[in-house]
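J.: One structure follows; several queries about it will come next.
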Amino acid sequence: SQKEILPFEMSDIRLKKLTREEFCRDIPETILKKNRPYKSKRYLLHRYFEHPIYQYQCYGIEEDCNQMETFIFCREVECMHTKILKMIDVVGDTRCLAQIGKGVEQLIERNQYEYVDFYCYGIGSDIMKRAGFSVRKDDVNIIPQYFEPFEQKNVDINIIIPEDKICIFRGDGDMDRPSKR
């Protein structure tokens with residue numbers, strides 16, 4: 001089977017890896033209040049920077065003048081001599097995601113990821129396509145969901161949406177937690 005590699009929109013936007021201190025300094029409360037569901041700075045710090053088991057990475061989408069209004073939380077997974085990157089959560093203006101393709105490509109090359117996955121609901125398919133992401137299809141290409149223990153199969157994730165105009169990511173449910181099934 002052939003990999004589907006979509007072209008992505010070229011832009012000057014960069015993904016800047018942030019420390020806890022940089023995140024605290026650079027994310028204004030006004031950005032957090034725009035998101036549905038709302039996630040406080042304290043929640044994000046506890047969930048991603050203070051996790052007792054997983055190590056998360058935080059990237060700011062850096063626009064002109066070093067300004068950041070969107071932040072992505074990711075987690076690297078290594079299994080059977082292969083590394084992937086799971087995008088777990090986004091806070092800020094999700095429209096900026098359309099321009100992260102080059103930054104994601106650089107992360108893949110720099111860290112030798114086999115792929116980057118991004119489970120989300122509420123972000124337009126046009127935005128994801130412009131970023132270079134494609135929808136997982138039921139074909140011979142396997143995008144594993146479970147790594148603890150590893151399962152070589154595609155898994156559908158079902159969700160219940162409480163209201164319209166909401167963005168849900170892997171980190172909003174229980175699909176990103178330690179599990180030794």
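Residues are named by chain letter and number: chains run A, B, ... in the order of the structure tokens, numbers start at 1 in each chain, and ligands are numbered from 1 in the order shown.
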Can you build me a table of range 104-132 of chain A residues sitting at most 12 Å from range 70-81 of chain A, with the closest atom pair per residue and its distance in Å to one decimal, using only C-alpha atoms, sorted by chain and residue number, as a Markdown table?
T.:
```
| residue | atom | partner | partner_atom | distance |
| --- | --- | --- | --- | --- |
| A:Val104 | CA | A:Ile72 | CA | 11.3 |
| A:Leu107 | CA | A:Glu76 | CA | 11.0 |
| A:Ile108 | CA | A:Glu76 | CA | 11.0 |
| A:Asn111 | CA | A:Glu76 | CA | 9.6 |
| A:Gln112 | CA | A:His81 | CA | 10.9 |
| A:Tyr113 | CA | A:Glu76 | CA | 8.7 |
| A:Glu114 | CA | A:Glu78 | CA | 10.1 |
| A:Tyr115 | CA | A:Glu76 | CA | 10.6 |
| A:Val116 | CA | A:Glu76 | CA | 9.3 |
| A:Asp117 | CA | A:Cys74 | CA | 9.7 |
| A:Phe118 | CA | A:Cys74 | CA | 9.3 |
| A:Tyr119 | CA | A:Cys74 | CA | 11.5 |
```
J.: What's the 10 Å shell around Asp64 in chain A, counting only C-alpha atoms, without same-chain residues fewer than 2 positions away, as a list in words?
T.: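 What passes the distance filter is Asp12, Ile13, Arg14, Glu62, Asn66, Gln67 and Met68 of chain A.
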J.: Could you write out the selected residues, including all heavy atoms, as a JSON list (two decimals), in the first residue's frame?
T.:
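Everything below was put into part-v6.json:
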```json
[["chain", "number", "residue", "atom", "x", "y", "z"],
["A", 12, "ASP", "N", 5.39, 31.19, 7.01],
["A", 12, "ASP", "CA", 6.54, 31.57, 7.84],
["A", 12, "ASP", "C", 6.33, 31.21, 9.30],
["A", 12, "ASP", "O", 7.16, 31.51, 10.15],
["A", 12, "ASP", "CB", 6.81, 33.07, 7.72],
["A", 12, "ASP", "CG", 7.28, 33.45, 6.32],
["A", 12, "ASP", "OD1", 7.89, 32.59, 5.66],
["A", 12, "ASP", "OD2", 7.04, 34.59, 5.90],
["A", 13, "ILE", "N", 5.21, 30.59, 9.61],
["A", 13, "ILE", "CA", 4.92, 30.22, 10.99],
["A", 13, "ILE", "C", 5.85, 29.10, 11.43],
["A", 13, "ILE", "O", 6.15, 28.18, 10.67],
["A", 13, "ILE", "CB", 3.44, 29.80, 11.12],
["A", 13, "ILE", "CG1", 2.58, 31.05, 11.07],
["A", 13, "ILE", "CG2", 3.19, 29.00, 12.38],
["A", 13, "ILE", "CD1", 1.11, 30.82, 11.26],
["A", 14, "ARG", "N", 6.32, 29.20, 12.67],
["A", 14, "ARG", "CA", 7.24, 28.21, 13.22],
["A", 14, "ARG", "C", 6.61, 27.56, 14.45],
["A", 14, "ARG", "O", 5.80, 28.18, 15.14],
["A", 14, "ARG", "CB", 8.55, 28.87, 13.62],
["A", 14, "ARG", "CG", 9.33, 29.42, 12.44],
["A", 14, "ARG", "CD", 10.48, 30.32, 12.86],
["A", 14, "ARG", "NE", 10.10, 31.46, 13.68],
["A", 14, "ARG", "CZ", 9.54, 32.59, 13.23],
["A", 14, "ARG", "NH1", 9.23, 32.71, 11.97],
["A", 14, "ARG", "NH2", 9.26, 33.58, 14.04],
["A", 62, "GLU", "N", 4.38, 30.14, 16.45],
["A", 62, "GLU", "CA", 5.00, 31.46, 16.47],
["A", 62, "GLU", "C", 4.74, 32.18, 15.16],
["A", 62, "GLU", "O", 5.15, 31.71, 14.09],
["A", 62, "GLU", "CB", 6.49, 31.31, 16.73],
["A", 62, "GLU", "CG", 7.18, 32.58, 17.09],
["A", 62, "GLU", "CD", 8.61, 32.33, 17.54],
["A", 62, "GLU", "OE1", 9.35, 31.60, 16.84],
["A", 62, "GLU", "OE2", 8.98, 32.86, 18.59],
["A", 66, "ASN", "N", 7.29, 37.22, 16.82],
["A", 66, "ASN", "CA", 7.40, 36.23, 17.90],
["A", 66, "ASN", "C", 6.13, 36.12, 18.74],
["A", 66, "ASN", "O", 6.19, 35.73, 19.89],
["A", 66, "ASN", "CB", 8.60, 36.54, 18.79],
["A", 66, "ASN", "CG", 9.90, 36.48, 18.03],
["A", 66, "ASN", "OD1", 10.02, 35.73, 17.07],
["A", 66, "ASN", "ND2", 10.86, 37.28, 18.43],
["A", 67, "GLN", "N", 5.00, 36.46, 18.18],
["A", 67, "GLN", "CA", 3.74, 36.40, 18.90],
["A", 67, "GLN", "C", 3.15, 35.00, 18.78],
["A", 67, "GLN", "O", 3.17, 34.39, 17.71],
["A", 67, "GLN", "CB", 2.77, 37.42, 18.32],
["A", 67, "GLN", "CG", 1.55, 37.62, 19.16],
["A", 67, "GLN", "CD", 0.76, 38.82, 18.66],
["A", 67, "GLN", "OE1", 1.26, 39.66, 17.92],
["A", 67, "GLN", "NE2", -0.48, 38.90, 19.07],
["A", 68, "MET", "N", 2.64, 34.47, 19.90],
["A", 68, "MET", "CA", 2.02, 33.15, 19.91],
["A", 68, "MET", "C", 0.61, 33.25, 20.47],
["A", 68, "MET", "O", 0.42, 33.78, 21.56],
["A", 68, "MET", "CB", 2.85, 32.18, 20.75],
["A", 68, "MET", "CG", 4.16, 31.79, 20.11],
["A", 68, "MET", "SD", 5.13, 30.67, 21.13],
["A", 68, "MET", "CE", 6.03, 31.85, 22.12]]
```
J.: Could you list, as a PyMOL selection string, every residue within 8 Å of Lys34 in chain A, counting only C-alpha atoms and ignoring same-chain residues fewer than 4 positions away?
T.: chain A and resi 30+38+92
J.: Could you take the residues named above and write them with C-alpha atoms, as a PDB file, in the first residue's frame?
T.:
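Wrote it out as out.pdb, contents follow:
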```pdb
ATOM      1  CA  THR A  30      -7.662  35.935  27.058  1.00  0.00           C
ATOM      2  CA  TYR A  38     -12.373  26.183  28.683  1.00  0.00           C
ATOM      3  CA  GLY A  92      -5.814  29.044  21.129  1.00  0.00           C
TER       4      GLY A  92
END
```
J.: Would you mind writing down, as a VMD selection string, each residue of range 9-133 of chain A that DSSP on the backbone assigns to strand (DSSP E)?
T.: chain A and resid 14 to 18 56 to 62 68 to 79 82 to 92 113 to 118 120 to 121
J.: Neighbouring residues of Lys39 in chain A were defined as those with any atom within 12 Å, considering only C-alpha atoms; residues of the same chain fewer than 4 positions away were excluded. Please report them as an NGL selection string.
T.: :A and (29-35 or 43-48 or 89-92 or 167-168 or 171-172)
J.: Need to verify the contact set: Leu15 in chain A, 6 Å, only C-alpha atoms, exclusion of same-chain residues closer than 6 positions in sequence. Can you return it as a PyMOL selection string?
T.: chain A and resi 59-61+103
J.: Do you know which residues are at most 9 Å from Ala98 in chain A counting only C-alpha atoms, after dropping those on the same chain fewer than 3 positions away, and could you put them as a list of chain:residue names?
T.: A:Phe8, A:Glu9, A:Thr94, A:Arg95, A:Gly101, A:Asp126, A:Ile127, A:Met128, A:Lys129, A:Arg130, A:Ala131, A:Gly132
J.: Given the choices A:Ile53, A:Asp93, A:Gln106, A:Thr82, which gets closest to Lys16 in chain A if the distance is worked out from only C-alpha atoms?
T.: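 Using only C-alpha atoms, the shortest distance to Lys16 in chain A belongs to A:Gln106.
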J.: Any chance you could list, as a PyMOL selection string, the residues in range 56-156 of chain A that come up helix (DSSP H, G or I) when DSSP is run on the backbone?
T.: chain A and resi 64-66+94-99+101-111+125-130
